>>> print(open('upload29.cif').read())   # mmCIF, C-alpha atoms
data_upload
#
loop_
_atom_site.label_atom_id
_atom_site.label_comp_id
_atom_site.auth_asym_id
_atom_site.auth_seq_id
_atom_site.Cartn_x
_atom_site.Cartn_y
_atom_site.Cartn_z
CA LEU A 5 15.92 1.38 -25.07
CA PHE A 6 14.74 4.51 -23.26
CA SER A 7 11.82 4.95 -25.65
CA VAL A 8 10.68 1.46 -24.70
CA VAL A 9 11.18 1.84 -20.94
CA SER A 10 9.95 5.37 -20.36
CA PRO A 11 6.32 4.77 -21.39
CA ALA A 12 6.15 2.23 -18.55
CA ALA A 13 7.66 4.91 -16.27
CA GLY A 14 10.73 2.82 -15.50
CA TYR A 15 13.28 5.41 -16.53
CA PHE A 16 11.98 8.75 -15.30
CA SER A 17 9.66 7.99 -12.37
CA THR A 18 9.95 6.83 -8.80
CA PRO A 19 7.45 4.49 -7.13
CA THR A 20 6.05 7.56 -5.32
CA ASP A 21 5.54 9.32 -8.69
CA LEU A 22 3.76 6.26 -10.04
CA ALA A 23 1.54 5.94 -6.96
CA LYS A 24 0.50 9.60 -7.27
CA PHE A 25 -0.15 9.19 -11.00
CA MET A 26 -2.24 6.03 -10.49
CA LYS A 27 -4.34 7.65 -7.77
CA THR A 28 -4.84 10.84 -9.78
CA SER A 29 -5.65 9.14 -13.07
CA MET A 30 -7.75 6.28 -11.73
CA SER A 31 -9.73 8.19 -9.08
CA GLY A 32 -11.39 10.40 -11.68
CA ASP A 33 -9.31 13.52 -11.00
CA LEU A 34 -7.53 13.40 -14.37
CA LEU A 35 -9.80 11.60 -16.83
CA THR A 36 -13.25 12.59 -17.98
CA THR A 37 -16.11 10.37 -16.86
CA GLU A 38 -16.42 8.92 -20.36
CA THR A 39 -12.68 8.21 -20.71
CA TYR A 40 -12.54 6.67 -17.24
CA ALA A 41 -15.51 4.40 -18.05
CA LYS A 42 -13.73 3.22 -21.22
CA ALA A 43 -10.43 2.75 -19.37
CA ILE A 44 -11.92 0.39 -16.79
CA GLU A 45 -13.97 -1.56 -19.33
CA THR A 46 -12.05 -4.84 -19.29
CA VAL A 47 -12.42 -8.33 -20.71
CA PHE A 48 -11.18 -11.75 -19.63
CA THR A 49 -7.89 -12.55 -21.37
CA GLY A 50 -6.53 -15.70 -19.74
CA LEU A 51 -3.74 -13.78 -18.00
CA PRO A 52 -2.50 -15.11 -14.64
CA ASN A 53 -4.60 -14.62 -11.49
CA GLY A 54 -7.79 -13.91 -13.45
CA ILE A 55 -6.49 -10.55 -14.64
CA ARG A 56 -8.77 -8.78 -17.09
CA TYR A 57 -7.50 -6.29 -19.66
CA GLY A 58 -8.85 -3.17 -21.32
CA LEU A 59 -7.44 -0.07 -22.97
CA GLY A 60 -4.02 -0.25 -21.34
CA ILE A 61 -5.48 -1.01 -17.92
CA MET A 62 -5.44 -4.35 -16.14
CA GLU A 63 -8.20 -5.20 -13.68
CA SER A 64 -7.41 -7.66 -10.91
CA GLU A 65 -8.52 -8.55 -7.41
CA TYR A 66 -6.44 -8.63 -4.26
CA LEU A 67 -7.88 -9.80 -0.95
CA GLY A 68 -11.38 -9.10 -2.24
CA TYR A 69 -10.62 -5.57 -3.48
CA LYS A 70 -10.69 -4.61 -7.15
CA ALA A 71 -7.54 -2.96 -8.50
CA TYR A 72 -6.75 -1.19 -11.74
CA GLY A 73 -3.23 -0.71 -13.04
CA HIS A 74 -0.42 -2.25 -15.00
CA GLY A 75 2.95 -3.91 -14.66
CA GLY A 76 6.08 -3.73 -16.73
CA ASP A 77 9.46 -5.36 -17.28
CA ILE A 78 12.71 -4.41 -19.01
CA SER A 79 15.71 -4.95 -16.71
CA TYR A 80 13.37 -3.96 -13.87
CA SER A 81 9.87 -4.90 -12.82
CA THR A 82 6.93 -2.81 -11.65
CA GLN A 83 3.34 -3.28 -10.52
CA ALA A 84 1.39 -0.01 -10.20
CA LEU A 85 -2.18 -0.42 -8.91
CA TYR A 86 -5.08 1.72 -7.71
CA PHE A 87 -7.78 0.32 -5.39
CA PRO A 88 -10.90 2.46 -5.97
CA GLU A 89 -12.89 1.15 -2.98
CA LEU A 90 -10.00 2.04 -0.65
CA ASP A 91 -8.82 5.09 -2.64
CA ILE A 92 -5.18 4.02 -2.35
CA SER A 93 -2.38 3.17 -4.76
CA ILE A 94 0.28 0.53 -4.25
CA VAL A 95 3.40 0.51 -6.41
CA VAL A 96 6.15 -2.09 -6.17
CA ALA A 97 9.28 -1.63 -8.27
CA GLY A 98 12.42 -3.72 -8.45
CA ASN A 99 15.69 -3.56 -10.33
CA ASP A 100 16.44 -7.28 -10.49
CA ALA A 101 15.93 -8.43 -14.10
CA ARG A 102 15.34 -11.98 -12.85
CA VAL A 103 12.15 -10.90 -11.03
CA ILE A 104 9.35 -10.16 -13.48
CA SER A 105 6.32 -8.02 -12.66
CA TRP A 106 4.04 -11.06 -12.23
CA ASN A 107 6.29 -12.11 -9.32
CA LEU A 108 5.53 -8.82 -7.53
CA ILE A 109 1.87 -9.73 -7.06
CA SER A 110 2.57 -11.43 -3.72
CA THR A 111 4.33 -8.27 -2.51
CA VAL A 112 1.35 -6.14 -3.54
CA ARG A 113 -0.95 -8.53 -1.68
CA ALA A 114 1.26 -8.37 1.44
CA LEU A 115 1.37 -4.55 1.37
CA LEU A 116 -2.39 -4.40 0.96
CA GLN A 117 -2.78 -6.71 3.97
CA VAL A 118 -0.54 -4.43 6.04
CA TYR A 119 -2.70 -1.45 5.01
CA LEU A 120 -5.94 -3.31 5.86
CA ASP A 121 -4.56 -4.42 9.24
CA TYR A 122 -3.52 -0.84 10.01
CA GLU A 123 -6.90 0.57 8.97
CA SER A 124 -8.66 -2.02 11.11
CA ALA A 125 -6.52 -1.20 14.12
CA VAL A 126 -7.07 2.53 13.74
CA THR A 127 -10.79 2.49 13.00
CA ASN A 128 -11.66 0.00 15.73
CA VAL A 129 -10.23 2.20 18.47
CA GLU A 130 -12.56 4.37 20.49
CA SER A 131 -11.68 7.97 19.91
CA ILE A 132 -9.47 9.51 22.54
CA SER A 133 -7.60 12.74 22.16
CA LEU A 134 -3.85 12.32 22.33
CA ALA A 135 -3.72 15.70 24.01
CA THR A 136 -5.48 14.20 27.05
CA LEU A 137 -2.82 11.51 27.47
CA ASN A 138 0.53 12.22 29.05
CA THR A 139 3.05 9.53 28.14
CA THR A 140 6.62 9.14 29.25
CA VAL A 141 9.03 6.54 27.92
CA PHE A 142 12.45 6.17 29.49
CA PRO A 143 15.32 5.66 29.24
CA ASN A 144 15.69 6.56 25.59
CA PRO A 145 17.53 4.81 24.07
CA PHE A 146 17.17 1.71 26.23
CA ASP A 147 18.97 -1.61 26.45
CA ASN A 148 17.22 -4.29 28.52
CA GLU A 149 14.49 -2.38 30.33
CA LEU A 150 12.00 0.22 29.26
CA GLN A 151 9.54 2.10 31.43
CA LEU A 152 6.32 3.48 30.02
CA LYS A 153 4.08 5.77 32.03
CA ILE A 154 0.64 6.78 30.77
CA HIS A 155 -1.46 9.31 32.60
CA SER A 156 -5.04 9.87 31.49
CA PRO A 157 -7.57 12.16 33.15
CA THR A 158 -10.30 9.67 32.19
CA ALA A 159 -10.50 5.96 32.81
CA ILE A 160 -9.20 3.65 30.08
CA LYS A 161 -10.75 0.21 30.12
CA ASP A 162 -8.26 -1.59 27.86
CA ILE A 163 -4.97 -0.61 26.32
CA ALA A 164 -2.75 -2.51 23.92
CA ILE A 165 0.92 -1.72 23.57
CA GLN A 166 3.18 -3.03 20.82
CA LEU A 167 6.93 -2.51 20.61
CA TYR A 168 8.69 -2.47 17.23
CA ASN A 169 12.41 -2.45 16.54
CA ILE A 170 14.09 0.03 14.21
CA ASP A 171 13.44 -2.31 11.25
CA GLY A 172 9.69 -2.22 11.91
CA LYS A 173 9.62 -5.78 13.27
CA LEU A 174 7.21 -6.44 16.13
CA VAL A 175 9.32 -7.53 19.11
CA TRP A 176 6.75 -7.37 21.94
#
>>> encode(input="upload29.cif", output="structure tokens")
Amino acid sequence: LFSVVSPAAGYFSTPTDLAKFMKTSMSGDLLTTETYAKAIETVFTGLPNGIRYGLGIMESEYLGYKAYGHGGDISYSTQALYFPELDISIVVAGNDARVISWNLISTVRALLQVYLDYESAVTNVESISLATLNTTVFPNPFDNELQLKIHSPTAIKDIAIQLYNIDGKLVW
């Protein structure tokens, strides 16, 4: 069994290991230009979601971004993808044998959306040095009330504040 699972990285690797491997191998840092060109040469196969296939690499599209990678299943499921235009890898792994790798596509799409939303929020902000802001939040921890003080030596036209709970859920 291990000889079957380990080539798909399900026995010896973590999702972080797989993400690093995908980024390294698919960004051109590991493969020669010729090998990389052959690896991403894919053809239509009739697989779900318009996935194309090549020499061990699947090509797919998520939210308008091309991705290269592969999935796998044997008592676990994994989708490991690299998005060349964004230069990021997303890996989703599960240990529920009832959930196959094709079912992880919606999770990959959701994680990519979170990344895109974050990038949009960060890049659409006018640059301001955090060193110039003096913020105070109290009490910490808090129960029903929270006070936030922001002092800036320069005028700030607009500011948006979001409050997340410990689970990462937006609460205000």
>>> residues_around(input="upload29.cif", residues="Gly73 in chain A", least_positions_apart="6", cutoff="12 Å", atoms="only C-alpha atoms", output="JSON, numbers by chain")
{"A": [12, 22, 23, 25, 26, 27, 29, 30, 31, 43, 44, 46, 55, 56, 57, 58, 59, 60, 61, 62, 63, 64, 65, 82, 83, 84, 85, 86, 87, 88, 92, 93, 94, 95, 96, 109, 112]}
>>> resolve_selection(input="upload29.cif", expression="the PyMOL selection byres ((chain A and resi 176) around 6)", output="PyMOL selection string")
chain A and resi 166-167+174-175
>>> atom_distance(input="upload29.cif", atom1="CA of Tyr119 in chain A", atom2="CA of Ser81 in chain A")
22.1 Å
>>> atom_distance(input="upload29.cif", atom1="CA of Glu123 in chain A", atom2="CA of Tyr69 in chain A")
14.4 Å
>>> atom_distance(input="upload29.cif", atom1="CA of Ser79 in chain A", atom2="CA of Gly98 in chain A")
9.0 Å
>>> resolve_selection(input="upload29.cif", expression="the PyMOL selection byres ((chain A and resi 154) around 8)", output="count of residues only")
8
